[in-house]
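Enquirer: One structure coming up, written as structure tokens, with questions to follow.
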Amino acid sequence: MTYEKQKCWSILLRLYHWSFALSIVFLVATGIYINFPWSNTLQLGTGSFPVAWVRYVHFVAGYVFTAAVLARIFLYIFGNAQERITDCLPISGRNIRNLIKTLLQYSYISDEHDERLGHNVLAGCTYIITIIAAVFQLVSGFFMLFPEAHIWQSWGVTLFGNQQEARFIHHLLMWWFLIFAVIHIYLVIWNDVNGPEGLVSSIFTGDKFKHKKA
Ligand code: HEM
Ligand code: HEM
């Protein structure tokens with residue numbers, strides 16, 4: 001059986017993926033510390049300023065995260081055929097069949113791997129939910145950071161009511177990103193082992209391997 005290399009992900013999608021993933025590692029680590037600054041009393045009187053530093057890292061990572069989310073929204077509309085939102089949703093016969101085949105394969109009922117260049121539709125839908133969660137995360141974050149700026153105040157009050165609710169939702173959403181990351185890394189490795197396309201390397205190189213048509 002012969003395979004050929006096919007271009008799948010643009011450079012912008014790969015840059016977005018890695019800035020999103022890395023910023024989330026920093027955001028979760030610093031967010032947990034902001035929630036429970038355990039070392040603070042140990043540092044009292046030493047002249048160091050751990051909470052302020054950790055908050056600063058959180059905000060810098062927050063800007064990287066926001067830029068990544070904006071890049072992804074741009075690609076949902078203007079990206080290549082695999083990156084557009086229409087390729088991710090079960091809104092065509094081809095996509096609905098892919099969703100059913102993926103569910104059967106993931107539950108070990110069938111071992112048929114659906115040949116397709118972009119995401120499978122189950123993954124595509126989960127990524128869209130993650131980006132929607134990311135929008136709520138960044139609006140609640142900027143609402144906490146700039147509570148008096150008119151734009152963040154109006155969005156924050158409309159979506160969350162008040163700062164305390166925004167902080168609570170911000171905290172709960174952290175768990176989505178944490179749980180998503182664990183399942184995501186498991187599934188991309190599972191697919192890499194079970195499929196021929198070289199999935200993990202595709203997020204570095206942008207290329208996937210597909211059966212060569214005779
Ligand atoms: C996946 C992304 C993010 C995660 C997992 C995350 C996580 C957290 C957590 C766990 C907290 C502590 C809340 C608590 O007390 O329980 C927090 C606080 C905060 N986050 Fe985020 N965050 C994220 C994105 C952002 C973004 C994009 C911004 C915007 C700049 C932001 C700004 C803030 C602010 C202002 C606080 C409050 C800091 C304080 O009160 O000292 N966060 N974050
Ligand atoms: C070792 C770490 C990681 C590897 C090897 C990896 C690999 C991949 C691969 C291969 C894809 C494409 C999958 C497909 O075609 O369906 C992908 C997509 C994605 N990954 Fe990761 N990933 C990693 C970490 C993370 C983390 C920590 C996050 C965020 C919590 C993340 C978020 C995403 C998202 C949102 C997409 C969808 C891209 C899009 O919007 O089109 N990844 N990842």
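Identifiers in this document derive from the order of the structure tokens: chains are assigned A, B, ..., residues are numbered from 1 separately in each chain, and ligands are numbered from 1 in order of occurrence.
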I'd like the neighbourhood of A:Val69 as a ChimeraX atom specification, where a residue qualifies if any of its atoms comes within 9 Å (using only C-alpha atoms), though same-chain residues fewer than 6 positions away should be ignored.

Expert: /A:16,20,131,134-135

Enquirer: Pull C-alpha atoms from the residues just selected and write them as an mmCIF file, in the first residue's frame.

Expert:
```cif
data_model
loop_
_atom_site.group_PDB
_atom_site.id
_atom_site.type_symbol
_atom_site.label_atom_id
_atom_site.label_comp_id
_atom_site.auth_asym_id
_atom_site.auth_seq_id
_atom_site.Cartn_x
_atom_site.Cartn_y
_atom_site.Cartn_z
ATOM 1 C CA TYR A 16 -2.586 28.843 17.272
ATOM 2 C CA PHE A 20 -3.260 27.850 22.960
ATOM 3 C CA ILE A 131 -13.366 27.567 21.736
ATOM 4 C CA ALA A 134 -12.464 29.868 25.811
ATOM 5 C CA VAL A 135 -14.527 32.935 24.849
#
```

Enquirer: List every residue of chain A that has an atom at most 7 Å from any atom of ligand 1, and for each one report the closest atom pair and its distance in Å to one decimal, counting only C-alpha atoms and all ligand atoms, with rows sorted by chain and then by increasing residue number, as a tab-separated table.

Expert:
```
residue	atom	partner	partner_atom_place_in_ligand_line	distance
A:Ile24	CA	ligand 1	1 (C)	4.9
A:Leu27	CA	ligand 1	4 (C)	4.7
A:Val28	CA	ligand 1	5 (C)	4.2
A:Gly31	CA	ligand 1	9 (C)	3.4
A:Ile32	CA	ligand 1	10 (C)	4.7
A:Ile34	CA	ligand 1	12 (C)	4.9
A:Asn35	CA	ligand 1	15 (O)	3.8
A:Arg55	CA	ligand 1	41 (O)	6.1
A:His58	CA	ligand 1	42 (N)	6.4
A:Phe59	CA	ligand 1	30 (C)	4.5
A:Gly62	CA	ligand 1	27 (C)	3.6
A:Tyr63	CA	ligand 1	30 (C)	6.0
A:Phe65	CA	ligand 1	27 (C)	5.8
A:Thr66	CA	ligand 1	27 (C)	5.7
A:Ala134	CA	ligand 1	1 (C)	6.5
A:Gln137	CA	ligand 1	24 (C)	5.5
A:Leu138	CA	ligand 1	27 (C)	3.9
A:Gly141	CA	ligand 1	32 (C)	3.5
A:Phe142	CA	ligand 1	29 (C)	4.5
A:Met144	CA	ligand 1	35 (C)	4.4
A:Leu145	CA	ligand 1	35 (C)	3.8
A:Arg167	CA	ligand 1	13 (C)	5.6
A:Phe168	CA	ligand 1	16 (O)	6.4
A:His170	CA	ligand 1	8 (C)	6.1
A:His171	CA	ligand 1	10 (C)	4.6
A:Leu173	CA	ligand 1	5 (C)	6.8
A:Met174	CA	ligand 1	5 (C)	3.9
A:Phe177	CA	ligand 1	1 (C)	6.0
```

Enquirer: Can you tell me how far atom CA of A:Lys208 sits from atom CA of A:Cys8, in Å to one decimal?

Expert: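 Computing the Euclidean distance for atom CA of A:Lys208 and atom CA of A:Cys8 yields 6.3 Å.
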
Enquirer: Which residues of chain A sit at most 7 Å from ligand 2, using only C-alpha atoms and all ligand atoms? Give each one's shortest atom pair and distance in Å (one decimal place), in chain and ascending residue order, as a Markdown table.

Expert:
```
| residue | atom | partner | partner_atom_place_in_ligand_line | distance |
| --- | --- | --- | --- | --- |
| A:Leu13 | CA | ligand 2 | 41 (O) | 6.8 |
| A:His17 | CA | ligand 2 | 33 (C) | 5.8 |
| A:Phe20 | CA | ligand 2 | 29 (C) | 6.1 |
| A:Ala21 | CA | ligand 2 | 26 (C) | 4.0 |
| A:Leu22 | CA | ligand 2 | 27 (C) | 6.6 |
| A:Ile24 | CA | ligand 2 | 30 (C) | 5.9 |
| A:Val25 | CA | ligand 2 | 27 (C) | 6.7 |
| A:Arg72 | CA | ligand 2 | 40 (O) | 6.2 |
| A:Glu83 | CA | ligand 2 | 41 (O) | 6.0 |
| A:Gly118 | CA | ligand 2 | 15 (O) | 5.8 |
| A:His119 | CA | ligand 2 | 16 (O) | 3.9 |
| A:Asn120 | CA | ligand 2 | 16 (O) | 5.9 |
| A:Ala123 | CA | ligand 2 | 16 (O) | 5.4 |
| A:Gly124 | CA | ligand 2 | 16 (O) | 6.7 |
| A:Tyr127 | CA | ligand 2 | 35 (C) | 4.9 |
| A:Thr130 | CA | ligand 2 | 35 (C) | 6.3 |
| A:Ile131 | CA | ligand 2 | 35 (C) | 6.9 |
| A:Phe177 | CA | ligand 2 | 30 (C) | 5.2 |
| A:Leu178 | CA | ligand 2 | 30 (C) | 6.5 |
| A:Phe180 | CA | ligand 2 | 30 (C) | 6.1 |
| A:Ala181 | CA | ligand 2 | 30 (C) | 4.3 |
| A:His184 | CA | ligand 2 | 21 (Fe) | 6.5 |
| A:Ile185 | CA | ligand 2 | 3 (C) | 5.4 |
| A:Val188 | CA | ligand 2 | 10 (C) | 5.5 |
| A:Leu199 | CA | ligand 2 | 10 (C) | 4.8 |
| A:Val200 | CA | ligand 2 | 10 (C) | 4.0 |
| A:Ser201 | CA | ligand 2 | 10 (C) | 6.6 |
| A:Ser202 | CA | ligand 2 | 10 (C) | 5.8 |
| A:Ile203 | CA | ligand 2 | 10 (C) | 4.8 |
```

Enquirer: Those same residues - C-alpha atoms - I'd like them written as a short mmCIF file (atom, residue, chain, number, x, y, z; two decimals), in the first residue's frame.

Expert:
```cif
data_model
loop_
_atom_site.label_atom_id
_atom_site.label_comp_id
_atom_site.auth_asym_id
_atom_site.auth_seq_id
_atom_site.Cartn_x
_atom_site.Cartn_y
_atom_site.Cartn_z
CA LEU A 13 -3.47 26.82 12.75
CA HIS A 17 -2.54 25.22 18.53
CA PHE A 20 -3.26 27.85 22.96
CA ALA A 21 -1.90 24.62 24.50
CA LEU A 22 1.17 26.25 26.13
CA ILE A 24 -3.28 26.86 29.05
CA VAL A 25 -0.48 25.02 30.88
CA ARG A 72 -8.95 30.21 15.55
CA GLU A 83 -10.04 24.40 9.11
CA GLY A 118 -9.40 17.10 8.41
CA HIS A 119 -10.55 16.40 12.00
CA ASN A 120 -13.05 13.66 12.56
CA ALA A 123 -13.16 15.93 17.53
CA GLY A 124 -14.28 18.96 15.48
CA TYR A 127 -12.92 21.72 19.61
CA THR A 130 -13.63 24.32 23.71
CA ILE A 131 -13.37 27.57 21.74
CA PHE A 177 -9.60 22.74 29.88
CA LEU A 178 -7.81 20.39 32.27
CA PHE A 180 -10.11 18.19 27.82
CA ALA A 181 -6.28 18.24 27.69
CA HIS A 184 -7.24 15.01 24.00
CA ILE A 185 -3.65 13.86 24.42
CA VAL A 188 -4.46 11.87 19.52
CA LEU A 199 -1.68 12.40 13.33
CA VAL A 200 0.66 13.65 16.06
CA SER A 201 3.32 14.87 13.60
CA SER A 202 0.61 16.67 11.57
CA ILE A 203 0.28 19.31 14.27
#
```

Enquirer: Please report the interatomic distance between atom CA of A:Asn162 and atom CA of A:Pro50 in Å with one decimal.

Expert: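 Here the two named atoms are 27.3 Å from each other.
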
Enquirer: Between atom CA of A:Ile169 and atom CA of A:Ser39, what is the spacing in Å?

Expert: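 These atoms are spaced 24.9 Å apart.
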
Enquirer: Determine, counting only C-alpha atoms, which protein, DNA and RNA residues have an atom within 8 Å of an atom of A:Leu122; residues of the same chain fewer than 4 positions away are not included. Present the result as an mmCIF file with C-alpha atoms, in the first residue's frame.

Expert:
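That gives us selection_17.cif:
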```cif
data_model
loop_
_atom_site.group_PDB
_atom_site.id
_atom_site.type_symbol
_atom_site.label_atom_id
_atom_site.label_comp_id
_atom_site.auth_asym_id
_atom_site.auth_seq_id
_atom_site.Cartn_x
_atom_site.Cartn_y
_atom_site.Cartn_z
ATOM 1 C CA CYS A 88 -16.239 20.323 11.897
ATOM 2 C CA LEU A 99 -19.470 11.070 13.222
ATOM 3 C CA THR A 102 -15.957 7.563 14.706
ATOM 4 C CA LEU A 103 -18.356 6.739 17.560
ATOM 5 C CA THR A 126 -15.374 19.091 20.871
#
```

Enquirer: List the spatial neighbours of A:Ser19 as a ChimeraX atom specification - criterion: any atom at most 9 Å away, only C-alpha atoms, same-chain residues fewer than 6 positions off excluded.

Expert: /A:64-65,67-68

Enquirer: Please save C-alpha atoms of the selected residues as a PDB file, in the first residue's frame.

Expert:
```pdb
ATOM      1  CA  VAL A  64      -1.479  34.852  24.381  1.00  0.00           C
ATOM      2  CA  PHE A  65      -4.573  32.687  24.945  1.00  0.00           C
ATOM      3  CA  ALA A  67      -4.738  35.995  20.536  1.00  0.00           C
ATOM      4  CA  ALA A  68      -4.879  32.236  19.869  1.00  0.00           C
TER       5      ALA A  68
END
```

Enquirer: List every residue of chain A that DSSP, applied to the backbone of this structure, assigns to alpha helix (DSSP H), and report them as a PyMOL selection string.

Expert: chain A and resi 11-35+50-78+93-106+121-145+150-160+163-194+199-205

Enquirer: So which residues touch A:Glu165 within 10 Å, counting only C-alpha atoms, skipping near sequence neighbours fewer than 6 positions away, as a list in words?

Expert: Ser140, Gly156, Val157, Leu159 and His171 of chain A

Enquirer: Which one is closest to A:Asn191: A:Phe49, A:Tyr106, A:Phe209, A:Gln164? Count only C-alpha atoms.

Expert: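 Result for the nearest residue to A:Asn191: A:Tyr106.
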
Enquirer: Please report, as a list in words, each residue of chain A to which DSSP assigns strand (DSSP E) when run on this structure's backbone.

Expert: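 Checking each residue of chain A, the strand (DSSP E) ones are Tyr3, Glu4, Lys5, Gln6, Lys7, Asp207, Lys208, Phe209, Lys210 and His211 of chain A.
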
Enquirer: Now that the selection is made, can you save its residues with N, CA and C atoms as a PDB file, in the first residue's frame?

Expert:
```pdb
ATOM      1  N   TYR A   3       1.412   5.484   0.235  1.00  0.00           N
ATOM      2  CA  TYR A   3       0.800   6.675   0.842  1.00  0.00           C
ATOM      3  C   TYR A   3       1.388   7.924   0.212  1.00  0.00           C
ATOM      4  N   GLU A   4       0.613   8.993   0.260  1.00  0.00           N
ATOM      5  CA  GLU A   4       1.183  10.274  -0.183  1.00  0.00           C
ATOM      6  C   GLU A   4       0.947  11.328   0.900  1.00  0.00           C
ATOM      7  N   LYS A   5       1.877  12.299   0.905  1.00  0.00           N
ATOM      8  CA  LYS A   5       1.791  13.385   1.885  1.00  0.00           C
ATOM      9  C   LYS A   5       0.796  14.414   1.376  1.00  0.00           C
ATOM     10  N   GLN A   6      -0.138  14.818   2.241  1.00  0.00           N
ATOM     11  CA  GLN A   6      -1.064  15.883   1.806  1.00  0.00           C
ATOM     12  C   GLN A   6      -1.057  17.020   2.811  1.00  0.00           C
ATOM     13  N   LYS A   7      -1.082  18.245   2.294  1.00  0.00           N
ATOM     14  CA  LYS A   7      -1.078  19.432   3.158  1.00  0.00           C
ATOM     15  C   LYS A   7      -2.413  19.495   3.903  1.00  0.00           C
ATOM     16  N   ASP A 207       1.301  18.284   7.678  1.00  0.00           N
ATOM     17  CA  ASP A 207       0.995  17.274   6.654  1.00  0.00           C
ATOM     18  C   ASP A 207       0.419  16.004   7.274  1.00  0.00           C
ATOM     19  N   LYS A 208      -0.466  15.339   6.515  1.00  0.00           N
ATOM     20  CA  LYS A 208      -0.930  14.002   6.906  1.00  0.00           C
ATOM     21  C   LYS A 208      -0.621  13.034   5.770  1.00  0.00           C
ATOM     22  N   PHE A 209      -0.591  11.740   6.076  1.00  0.00           N
ATOM     23  CA  PHE A 209      -0.336  10.722   5.043  1.00  0.00           C
ATOM     24  C   PHE A 209      -1.631  10.013   4.705  1.00  0.00           C
ATOM     25  N   LYS A 210      -1.949   9.969   3.403  1.00  0.00           N
ATOM     26  CA  LYS A 210      -3.205   9.356   2.955  1.00  0.00           C
ATOM     27  C   LYS A 210      -2.905   8.311   1.899  1.00  0.00           C
ATOM     28  N   HIS A 211      -3.808   7.328   1.758  1.00  0.00           N
ATOM     29  CA  HIS A 211      -3.629   6.321   0.700  1.00  0.00           C
ATOM     30  C   HIS A 211      -3.495   7.007  -0.646  1.00  0.00           C
TER      31      HIS A 211
END
```

Enquirer: My list of candidates is A:Leu75, A:Thr86, A:Ala29, A:Gln163. Which is closest to A:Phe146 when distances are computed with only C-alpha atoms?

Expert: A:Gln163

Enquirer: Using only C-alpha atoms, which residues sit within 9 Å of A:Ser10 once same-chain residues fewer than 5 positions away are excluded, as a compact mmCIF listing (two decimals) with N, CA and C atoms, in the first residue's frame?

Expert:
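Result file around-v2.txt:
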```
# COMPACT_ATOMS: atom_id res chain seq x y z
N LEU A 15 0.43 27.44 14.74
CA LEU A 15 0.87 28.44 15.73
C LEU A 15 -0.21 28.64 16.79
N GLY A 79 -10.21 29.96 6.97
CA GLY A 79 -9.14 28.95 6.88
C GLY A 79 -9.29 28.05 5.66
N ASN A 80 -8.41 27.06 5.53
CA ASN A 80 -8.52 26.13 4.40
C ASN A 80 -9.70 25.17 4.63
N GLU A 83 -10.01 23.55 7.92
CA GLU A 83 -10.04 24.40 9.11
C GLU A 83 -11.37 25.12 9.30
N GLY A 206 2.10 20.02 9.63
CA GLY A 206 0.96 20.45 8.81
C GLY A 206 0.55 19.41 7.79
```
